[in-house]
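Visitor: What follows is the file model-v3.pdb, containing PDB, C-alpha atoms and all ligand atoms:
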```pdb
ATOM      1  CA  MET J1013     -23.464 -76.936   8.981
ATOM      2  CA  THR J1014     -23.603 -74.970   5.720
ATOM      3  CA  ASP J1015     -25.291 -71.561   5.423
ATOM      4  CA  ALA J1016     -28.033 -73.193   3.314
ATOM      5  CA  GLU J1017     -28.678 -75.757   6.053
ATOM      6  CA  LYS J1018     -28.790 -73.026   8.720
ATOM      7  CA  LYS J1019     -31.386 -71.176   6.663
ATOM      8  CA  GLU J1020     -33.354 -74.369   6.176
ATOM      9  CA  LEU J1021     -33.257 -75.060   9.915
ATOM     10  CA  ASN J1022     -34.927 -71.715  10.639
ATOM     11  CA  SER J1023     -37.441 -71.738   7.794
ATOM     12  CA  HIS J1024     -38.261 -75.472   7.434
ATOM     13  CA  PRO J1025     -37.189 -77.128  10.705
ATOM     14  CA  TRP J1026     -39.350 -80.199  10.015
ATOM     15  CA  THR J1027     -36.910 -81.222   7.275
ATOM     16  CA  PHE J1028     -34.518 -82.059  10.166
ATOM     17  CA  SER J1029     -37.050 -84.442  11.675
ATOM     18  CA  THR J1030     -36.227 -88.064  12.325
ATOM     19  CA  ALA J1031     -38.301 -90.664  14.179
ATOM     20  CA  PRO J1032     -37.270 -91.200  17.813
ATOM     21  CA  PHE J1033     -36.093 -94.614  18.918
ATOM     22  CA  ARG J1034     -34.923 -96.672  21.860
ATOM     23  CA  ILE J1035     -31.162 -97.173  21.979
ATOM     24  CA  ALA J1036     -30.841 -99.688  24.829
ATOM     25  CA  GLY J1037     -32.495-100.273  28.197
ATOM     26  CA  ASN J1038     -34.259 -97.088  29.332
ATOM     27  CA  LEU J1039     -32.321 -94.780  26.965
ATOM     28  CA  TYR J1040     -33.940 -93.147  23.927
ATOM     29  CA  PHE J1041     -32.876 -90.851  21.092
ATOM     30  CA  VAL J1042     -35.185 -87.806  20.771
ATOM     31  CA  GLY J1043     -32.935 -85.499  18.748
ATOM     32  CA  ASN J1044     -33.084 -84.540  15.092
ATOM     33  CA  ARG J1045     -30.856 -85.094  12.082
ATOM     34  CA  ASP J1046     -28.398 -82.433  13.215
ATOM     35  CA  VAL J1047     -28.295 -82.416  16.985
ATOM     36  CA  GLY J1048     -28.595 -85.198  19.551
ATOM     37  CA  ALA J1049     -30.994 -85.231  22.520
ATOM     38  CA  TYR J1050     -31.406 -88.195  24.842
ATOM     39  CA  LEU J1051     -34.235 -89.271  27.112
ATOM     40  CA  ILE J1052     -33.761 -91.598  30.089
ATOM     41  CA  ASP J1053     -36.920 -93.118  31.572
ATOM     42  CA  THR J1054     -36.176 -93.504  35.290
ATOM     43  CA  GLU J1055     -38.305 -94.649  38.230
ATOM     44  CA  GLU J1056     -38.502 -90.993  39.298
ATOM     45  CA  GLY J1057     -39.466 -89.402  35.988
ATOM     46  CA  LEU J1058     -37.707 -88.492  32.772
ATOM     47  CA  VAL J1059     -34.197 -87.166  32.382
ATOM     48  CA  LEU J1060     -33.565 -85.188  29.182
ATOM     49  CA  ILE J1061     -30.041 -84.459  27.987
ATOM     50  CA  ASP J1062     -30.069 -81.359  25.750
ATOM     51  CA  SER J1063     -33.161 -79.793  24.219
ATOM     52  CA  THR J1064     -32.138 -79.011  20.565
ATOM     53  CA  TYR J1065     -32.761 -75.798  18.578
ATOM     54  CA  PRO J1066     -35.541 -73.320  19.386
ATOM     55  CA  SER J1067     -37.019 -73.950  15.916
ATOM     56  CA  THR J1068     -37.174 -77.722  16.510
ATOM     57  CA  ALA J1069     -39.230 -77.554  19.729
ATOM     58  CA  PRO J1070     -42.277 -79.223  18.081
ATOM     59  CA  LEU J1071     -40.035 -82.059  16.841
ATOM     60  CA  LEU J1072     -38.650 -82.661  20.337
ATOM     61  CA  ILE J1073     -42.057 -82.632  22.015
ATOM     62  CA  GLN J1074     -43.498 -84.911  19.307
ATOM     63  CA  SER J1075     -40.550 -87.310  19.549
ATOM     64  CA  ILE J1076     -41.047 -87.673  23.294
ATOM     65  CA  ALA J1077     -44.797 -88.223  22.748
ATOM     66  CA  ASP J1078     -44.240 -90.759  19.935
ATOM     67  CA  LEU J1079     -42.270 -92.893  22.389
ATOM     68  CA  GLY J1080     -45.267 -92.888  24.739
ATOM     69  CA  PHE J1081     -43.909 -90.302  27.181
ATOM     70  CA  SER J1082     -44.825 -86.704  27.934
ATOM     71  CA  ALA J1083     -42.491 -83.713  28.088
ATOM     72  CA  ARG J1084     -44.543 -82.748  31.157
ATOM     73  CA  ASP J1085     -42.820 -85.607  32.994
ATOM     74  CA  VAL J1086     -39.257 -84.356  32.457
ATOM     75  CA  ARG J1087     -37.759 -83.913  35.925
ATOM     76  CA  HIS J1088     -34.137 -83.138  35.060
ATOM     77  CA  LEU J1089     -32.926 -81.304  31.937
ATOM     78  CA  ILE J1090     -29.156 -81.566  31.692
ATOM     79  CA  HIS J1091     -27.100 -79.643  29.141
ATOM     80  CA  THR J1092     -23.831 -80.595  27.519
ATOM     81  CA  HIS J1093     -23.003 -76.941  26.890
ATOM     82  CA  GLY J1094     -24.414 -73.466  26.484
ATOM     83  CA  HIS J1095     -24.839 -73.185  22.721
ATOM     84  CA  PHE J1096     -28.352 -72.502  21.497
ATOM     85  CA  ASP J1097     -28.608 -75.702  19.438
ATOM     86  CA  HIS J1098     -28.412 -77.657  22.713
ATOM     87  CA  PHE J1099     -30.679 -75.521  24.930
ATOM     88  CA  GLY J1100     -33.079 -73.997  22.375
ATOM     89  CA  CYS J1101     -36.232 -75.685  23.774
ATOM     90  CA  THR J1102     -35.217 -75.540  27.421
ATOM     91  CA  GLY J1103     -37.527 -72.677  28.378
ATOM     92  CA  PHE J1104     -40.407 -74.488  26.691
ATOM     93  CA  VAL J1105     -39.732 -77.836  28.408
ATOM     94  CA  LYS J1106     -39.249 -76.049  31.732
ATOM     95  CA  ALA J1107     -42.609 -74.299  31.333
ATOM     96  CA  LEU J1108     -44.325 -77.607  30.522
ATOM     97  CA  SER J1109     -42.740 -79.717  33.238
ATOM     98  CA  GLY J1110     -41.217 -77.524  35.928
ATOM     99  CA  CYS J1111     -38.030 -79.567  35.503
ATOM    100  CA  THR J1112     -34.717 -78.731  37.141
ATOM    101  CA  THR J1113     -32.205 -77.424  34.595
ATOM    102  CA  TYR J1114     -28.438 -78.038  34.764
ATOM    103  CA  LEU J1115     -25.562 -76.273  32.988
ATOM    104  CA  GLY J1116     -21.820 -75.925  33.408
ATOM    105  CA  ARG J1117     -21.059 -72.966  35.680
ATOM    106  CA  ARG J1118     -18.622 -71.402  33.258
ATOM    107  CA  ASP J1119     -21.236 -71.423  30.473
ATOM    108  CA  ALA J1120     -23.735 -69.750  32.819
ATOM    109  CA  GLU J1121     -21.093 -67.099  33.451
ATOM    110  CA  MET J1122     -20.583 -66.839  29.674
ATOM    111  CA  PHE J1123     -24.346 -66.162  29.289
ATOM    112  CA  VAL J1124     -23.916 -63.063  31.443
ATOM    113  CA  ARG J1125     -20.539 -61.941  30.117
ATOM    114  CA  ASP J1126     -21.221 -62.318  26.381
ATOM    115  CA  PRO J1127     -24.654 -63.680  25.364
ATOM    116  CA  SER J1128     -23.578 -63.656  21.699
ATOM    117  CA  LEU J1129     -21.509 -66.729  22.589
ATOM    118  CA  ILE J1130     -24.630 -68.896  22.576
ATOM    119  CA  LEU J1131     -24.052 -68.655  18.790
ATOM    120  CA  ALA J1132     -27.725 -68.151  17.838
ATOM    121  CA  GLY J1133     -26.604 -65.174  15.729
ATOM    122  CA  ASP J1134     -24.428 -67.522  13.682
ATOM    123  CA  CYS J1135     -27.653 -69.239  12.575
ATOM    124  CA  GLY J1136     -29.349 -65.954  11.750
ATOM    125  CA  ILE J1137     -31.493 -65.906  14.915
ATOM    126  CA  ARG J1138     -31.428 -62.425  16.448
ATOM    127  CA  ASP J1139     -34.144 -62.609  19.085
ATOM    128  CA  PHE J1140     -33.177 -65.616  21.173
ATOM    129  CA  GLY J1141     -31.258 -65.431  24.426
ATOM    130  CA  PRO J1142     -29.849 -67.623  27.181
ATOM    131  CA  PHE J1143     -31.796 -69.187  30.060
ATOM    132  CA  VAL J1144     -31.070 -69.144  33.791
ATOM    133  CA  PRO J1145     -30.019 -72.653  34.921
ATOM    134  CA  ASP J1146     -31.205 -73.989  38.291
ATOM    135  CA  VAL J1147     -28.078 -76.028  39.031
ATOM    136  CA  LEU J1148     -24.547 -75.049  38.056
ATOM    137  CA  LEU J1149     -22.157 -77.901  37.286
ATOM    138  CA  ASP J1150     -18.423 -77.854  37.918
ATOM    139  CA  GLY J1151     -17.752 -81.505  37.017
ATOM    140  CA  GLY J1152     -17.385 -84.323  39.507
ATOM    141  CA  GLU J1153     -21.080 -84.372  40.400
ATOM    142  CA  THR J1154     -23.420 -87.354  40.147
ATOM    143  CA  ILE J1155     -26.975 -86.566  39.030
ATOM    144  CA  ARG J1156     -29.399 -89.206  40.347
ATOM    145  CA  SER J1157     -32.915 -90.040  39.216
ATOM    146  CA  GLY J1158     -34.291 -93.359  40.426
ATOM    147  CA  SER J1159     -31.576 -95.959  39.915
ATOM    148  CA  THR J1160     -29.886 -93.938  37.147
ATOM    149  CA  GLU J1161     -26.678 -92.182  38.153
ATOM    150  CA  ILE J1162     -25.149 -89.768  35.663
ATOM    151  CA  GLU J1163     -21.487 -88.996  36.183
ATOM    152  CA  VAL J1164     -20.600 -85.427  35.205
ATOM    153  CA  VAL J1165     -17.114 -84.669  33.856
ATOM    154  CA  ALA J1166     -15.901 -81.141  33.065
ATOM    155  CA  THR J1167     -14.623 -81.131  29.480
ATOM    156  CA  PRO J1168     -13.899 -77.489  28.555
ATOM    157  CA  GLY J1169     -12.665 -76.417  25.145
ATOM    158  CA  HIS J1170     -15.591 -76.252  22.714
ATOM    159  CA  SER J1171     -17.143 -74.042  25.413
ATOM    160  CA  ASP J1172     -15.727 -73.129  28.822
ATOM    161  CA  GLY J1173     -18.477 -74.914  30.741
ATOM    162  CA  CYS J1174     -18.842 -77.958  28.493
ATOM    163  CA  MET J1175     -19.767 -81.129  30.426
ATOM    164  CA  SER J1176     -19.608 -84.771  29.385
ATOM    165  CA  PHE J1177     -21.839 -87.493  30.813
ATOM    166  CA  PHE J1178     -21.381 -91.171  31.625
ATOM    167  CA  PHE J1179     -24.048 -93.563  32.884
ATOM    168  CA  TYR J1180     -25.157 -97.182  32.706
ATOM    169  CA  VAL J1181     -28.135 -98.718  30.952
ATOM    170  CA  GLU J1182     -29.150-102.364  31.169
ATOM    171  CA  GLU J1183     -30.456-104.579  28.386
ATOM    172  CA  ASP J1184     -31.020-108.352  28.613
ATOM    173  CA  GLY J1185     -29.237-108.429  31.965
ATOM    174  CA  ILE J1186     -26.096-106.754  30.581
ATOM    175  CA  ARG J1187     -24.986-103.332  31.829
ATOM    176  CA  TYR J1188     -23.593-100.970  29.210
ATOM    177  CA  ARG J1189     -21.668 -97.787  30.038
ATOM    178  CA  CYS J1190     -22.839 -94.905  27.846
ATOM    179  CA  GLY J1191     -20.573 -91.947  27.111
ATOM    180  CA  LEU J1192     -21.467 -88.545  25.677
ATOM    181  CA  PHE J1193     -18.642 -86.110  24.850
ATOM    182  CA  GLY J1194     -20.385 -82.798  25.487
ATOM    183  CA  GLY J1195     -18.769 -80.700  22.774
ATOM    184  CA  ALA J1196     -16.316 -81.798  20.094
ATOM    185  CA  GLY J1197     -16.607 -79.002  17.489
ATOM    186  CA  PHE J1198     -13.663 -76.823  16.451
ATOM    187  CA  ASN J1199     -15.743 -73.783  15.460
ATOM    188  CA  THR J1200     -14.968 -71.971  18.724
ATOM    189  CA  LEU J1201     -11.240 -72.797  18.513
ATOM    190  CA  LYS J1202     -10.544 -71.156  15.153
ATOM    191  CA  ASP J1203      -8.342 -68.055  14.819
ATOM    192  CA  GLY J1204     -11.222 -65.855  13.634
ATOM    193  CA  PHE J1205     -13.452 -66.844  16.565
ATOM    194  CA  ILE J1206     -10.703 -66.351  19.157
ATOM    195  CA  ALA J1207      -9.823 -62.967  17.603
ATOM    196  CA  ILE J1208     -13.411 -61.795  18.200
ATOM    197  CA  HIS J1209     -14.155 -63.419  21.570
ATOM    198  CA  GLY J1210     -10.706 -63.585  23.177
ATOM    199  CA  ASN J1211     -10.974 -67.218  24.374
ATOM    200  CA  THR J1212      -7.231 -67.791  24.010
ATOM    201  CA  TRP J1213      -7.302 -70.592  26.595
ATOM    202  CA  SER J1214      -9.769 -72.801  24.732
ATOM    203  CA  ARG J1215      -7.379 -74.800  22.534
ATOM    204  CA  GLY J1216      -5.209 -75.751  25.507
ATOM    205  CA  GLU J1217      -8.271 -76.772  27.497
ATOM    206  CA  TYR J1218      -9.602 -78.789  24.555
ATOM    207  CA  LEU J1219      -6.360 -80.818  24.411
ATOM    208  CA  GLN J1220      -6.519 -81.419  28.183
ATOM    209  CA  THR J1221     -10.108 -82.582  27.713
ATOM    210  CA  LEU J1222      -9.022 -85.106  25.059
ATOM    211  CA  ASP J1223      -6.365 -86.389  27.511
ATOM    212  CA  ARG J1224      -9.018 -86.626  30.235
ATOM    213  CA  LEU J1225     -11.481 -88.558  28.056
ATOM    214  CA  ALA J1226      -9.012 -90.857  26.301
ATOM    215  CA  GLY J1227      -9.054 -93.394  29.147
ATOM    216  CA  GLU J1228     -12.840 -93.643  29.517
ATOM    217  CA  LYS J1229     -14.272 -97.122  29.058
ATOM    218  CA  VAL J1230     -17.458 -96.711  27.057
ATOM    219  CA  ASP J1231     -19.686 -99.393  25.558
ATOM    220  CA  ILE J1232     -22.223 -97.127  23.847
ATOM    221  CA  THR J1233     -21.031 -93.825  22.372
ATOM    222  CA  LEU J1234     -23.659 -91.111  22.049
ATOM    223  CA  GLY J1235     -23.334 -88.221  19.600
ATOM    224  CA  ASN J1236     -23.601 -84.628  20.796
ATOM    225  CA  HIS J1237     -24.397 -84.100  17.138
ATOM    226  CA  THR J1238     -26.255 -87.015  15.588
ATOM    227  CA  SER J1239     -23.726 -87.884  12.909
ATOM    228  CA  GLN J1240     -20.767 -87.874  15.330
ATOM    229  CA  ALA J1241     -21.733 -91.321  16.566
ATOM    230  CA  ARG J1242     -23.718 -92.393  13.438
ATOM    231  CA  MET J1243     -26.824 -92.677  15.613
ATOM    232  CA  LEU J1244     -29.297 -93.032  12.722
ATOM    233  CA  GLU J1245     -27.221 -95.591  10.813
ATOM    234  CA  LYS J1246     -26.794 -97.685  13.982
ATOM    235  CA  HIS J1247     -30.525 -97.492  14.639
ATOM    236  CA  ALA J1248     -31.288 -98.776  11.124
ATOM    237  CA  GLU J1249     -28.943-101.693  11.760
ATOM    238  CA  ALA J1250     -30.452-102.302  15.229
ATOM    239  CA  VAL J1251     -33.904-102.563  13.655
ATOM    240  CA  ARG J1252     -32.576-104.938  10.992
ATOM    241  CA  VAL J1253     -30.974-107.333  13.478
ATOM    242  CA  GLY J1254     -33.543-106.823  16.275
ATOM    243  CA  SER J1255     -30.951-105.986  18.912
ATOM    244  CA  CYS J1256     -29.202-103.053  20.581
ATOM    245  CA  LEU J1257     -25.816-104.533  19.701
ATOM    246  CA  PRO J1258     -25.149-102.225  16.708
ATOM    247  CA  PHE J1259     -24.883 -99.429  19.304
ATOM    248  CA  VAL J1260     -22.276-101.363  21.306
ATOM    249  CA  ASP J1261     -18.665-100.715  20.255
ATOM    250  CA  ARG J1262     -16.080-100.652  23.023
ATOM    251  CA  GLU J1263     -13.453 -99.031  20.787
ATOM    252  CA  GLU J1264     -15.560 -96.228  19.354
ATOM    253  CA  PHE J1265     -15.245 -93.645  22.115
ATOM    254  CA  GLY J1266     -11.454 -93.902  22.216
ATOM    255  CA  ARG J1267     -11.331 -93.895  18.421
ATOM    256  CA  PHE J1268     -13.429 -90.720  18.297
ATOM    257  CA  ILE J1269     -11.158 -88.976  20.810
ATOM    258  CA  GLY J1270      -8.112 -90.059  18.781
ATOM    259  CA  GLU J1271      -9.655 -88.720  15.566
ATOM    260  CA  ARG J1272     -10.405 -85.389  17.232
ATOM    261  CA  ARG J1273      -6.778 -85.167  18.389
ATOM    262  CA  GLU J1274      -5.453 -85.887  14.874
ATOM    263  CA  ARG J1275      -7.759 -83.343  13.301
ATOM    264  CA  PHE J1276      -6.924 -80.795  15.997
ATOM    265  CA  HIS J1277      -3.199 -81.021  15.245
ATOM    266  CA  ALA J1278      -3.830 -81.008  11.485
ATOM    267  CA  GLU J1279      -5.812 -77.785  11.854
ATOM    268  CA  PHE J1280      -4.008 -75.945  14.673
ATOM    269  CA  GLY J1281      -0.533 -77.518  14.745
TER     270      GLY J1281
HETATM  271 ZN    ZN J1301     -21.611 -76.091  20.545
END
```
What's the structure tokens form of this structure?
Guide:
Amino acid sequence: MTDAEKKELNSHPWTFSTAPFRIAGNLYFVGNRDVGAYLIDTEEGLVLIDSTYPSTAPLLIQSIADLGFSARDVRHLIHTHGHFDHFGCTGFVKALSGCTTYLGRRDAEMFVRDPSLILAGDCGIRDFGPFVPDVLLDGGETIRSGSTEIEVVATPGHSDGCMSFFFYVEEDGIRYRCGLFGGAGFNTLKDGFIAIHGNTWSRGEYLQTLDRLAGEKVDITLGNHTSQARMLEKHAEAVRVGSCLPFVDREEFGRFIGERRERFHAEFG
């Protein structure tokens, strides 16, 4: 994101607004133009994956309402990682719903060790801090709500406690495996960042994460940031053809991991 966009996000967050939509089955997109957030409507209430920026709280709440749901009915709020653009509205949603919040253990430890690592300061926000998660994730867990089972995989690198999620949705009698890589950005792997924060292990862990994810069989790839999986373009196509099939691409997840690996080596050797 450019400095101009960061400024715009703080001063005119509504310019990042985009209408929410159903992806497939009981899975919905409730993020904005920059960052993804996903709602799963289960028999035991709503599951929300990531809560977007603090400044975009009204957009998130409105998106959930526009789909006919209420943020008061969120039961589980699961985070990909502990950067403020993914947990910015978490305190607000928690206050509304009393939901259980989940975060990678190592990111919760990061909150205590060095709160500047939530990266709010990078966006010019000085007065926003971390939250206290209810459940700490190590990877290997299954989070259940109704018949939905979300597989949690530890994928450190972009942040120490970054988690990726895999789960099934069903549409027209067909089950699709959804995959969300919890943090793909290189910003925390750059020389300047490591020089300040000392996370010398992160690049090695990121490569191990790519190895770990390369074999995942995914039908529907979800973007941790909206453009990473072209969520809005696919939605436009889905509307045009009247089907969820534009979201289904069994090669995309592996292709994305391969592209990250190529770019990683181009940038870091
Ligand atoms: Zn991040």
Visitor: Once the PyMOL selection byres (((chain J and resi 1020-1037) around 6) and not hetatm) is applied to the coordinates I shared, what remains selected? I want it as a PyMOL selection string.
Guide: chain J and resi 1017-1019+1038-1042+1044-1045+1068+1075+1181-1183+1256
Visitor: Step by step, measure atom-to-atom distances between ligand ZN 1301 (chain J) and each residue using all atoms listed in the file, keep those at most 10 Å, then write them as a list in words.
Guide: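 Using all atoms listed in the file, everything at most 10 Å from ligand ZN 1301 (chain J) comes to Val1047, Thr1092, His1093, Gly1094, His1095, Phe1096, Asp1097, His1098, Leu1129, Ile1130, Leu1131, His1170, Ser1171, Cys1174, Gly1194, Gly1195, Ala1196, Gly1197, Phe1198, Asn1199, Thr1200, Asn1236 and His1237 of chain J.
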Visitor: Using all atoms listed in the file, what table do you get, as JSON lines, when you list each residue of region 1159-1271 of chain J with an atom no more than 10 Å from region 1101-1123 of chain J, its nearest pair of atoms, and their distance in Å rounded to one decimal, rows by chain then rising number?
Guide:
```
{"residue": "J:Val1164", "atom": "CA", "partner": "J:Gly1116", "partner_atom": "CA", "distance": 9.7}
{"residue": "J:Val1165", "atom": "CA", "partner": "J:Gly1116", "partner_atom": "CA", "distance": 9.9}
{"residue": "J:Ala1166", "atom": "CA", "partner": "J:Gly1116", "partner_atom": "CA", "distance": 7.9}
{"residue": "J:Thr1167", "atom": "CA", "partner": "J:Gly1116", "partner_atom": "CA", "distance": 9.7}
{"residue": "J:Pro1168", "atom": "CA", "partner": "J:Arg1118", "partner_atom": "CA", "distance": 9.0}
{"residue": "J:Ser1171", "atom": "CA", "partner": "J:Asp1119", "partner_atom": "CA", "distance": 7.0}
{"residue": "J:Asp1172", "atom": "CA", "partner": "J:Arg1118", "partner_atom": "CA", "distance": 5.6}
{"residue": "J:Gly1173", "atom": "CA", "partner": "J:Arg1118", "partner_atom": "CA", "distance": 4.3}
{"residue": "J:Cys1174", "atom": "CA", "partner": "J:Gly1116", "partner_atom": "CA", "distance": 6.1}
{"residue": "J:Met1175", "atom": "CA", "partner": "J:Gly1116", "partner_atom": "CA", "distance": 6.3}
{"residue": "J:Ser1176", "atom": "CA", "partner": "J:Gly1116", "partner_atom": "CA", "distance": 10.0}
```
Visitor: When you count all atoms listed in the file, which of these residues is closest to Thr1238 (chain J): J:Gly1136, J:Pro1145, J:Leu1192, J:Leu1071?
Guide: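 With all atoms listed in the file as the atom set, the closest residue is J:Leu1192.
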Visitor: Since I can't run it myself right now, could you work out what the PyMOL selection byres (((chain J and resi 1178) around 6) and not hetatm) selects here and report it as a VMD selection string?
Guide: chain J and resid 1162 to 1163 1177 1179 1190 to 1191
Visitor: Would you please work out which residue, of J:Ile1137, J:Val1260, J:Ile1052, J:Ile1269, is nearest to Ile1186 (chain J) when using all atoms listed in the file?
Guide: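 Ranked by minimum distance to Ile1186 (chain J), first place goes to J:Val1260.
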Visitor: Expand the PyMOL selection byres (((chain J and resi 1217-1228) around 6) and not hetatm) into the individual residues it matches in the shown file, reporting them as a PyMOL selection string.
Guide: chain J and resi 1167-1169+1214-1216+1229+1266
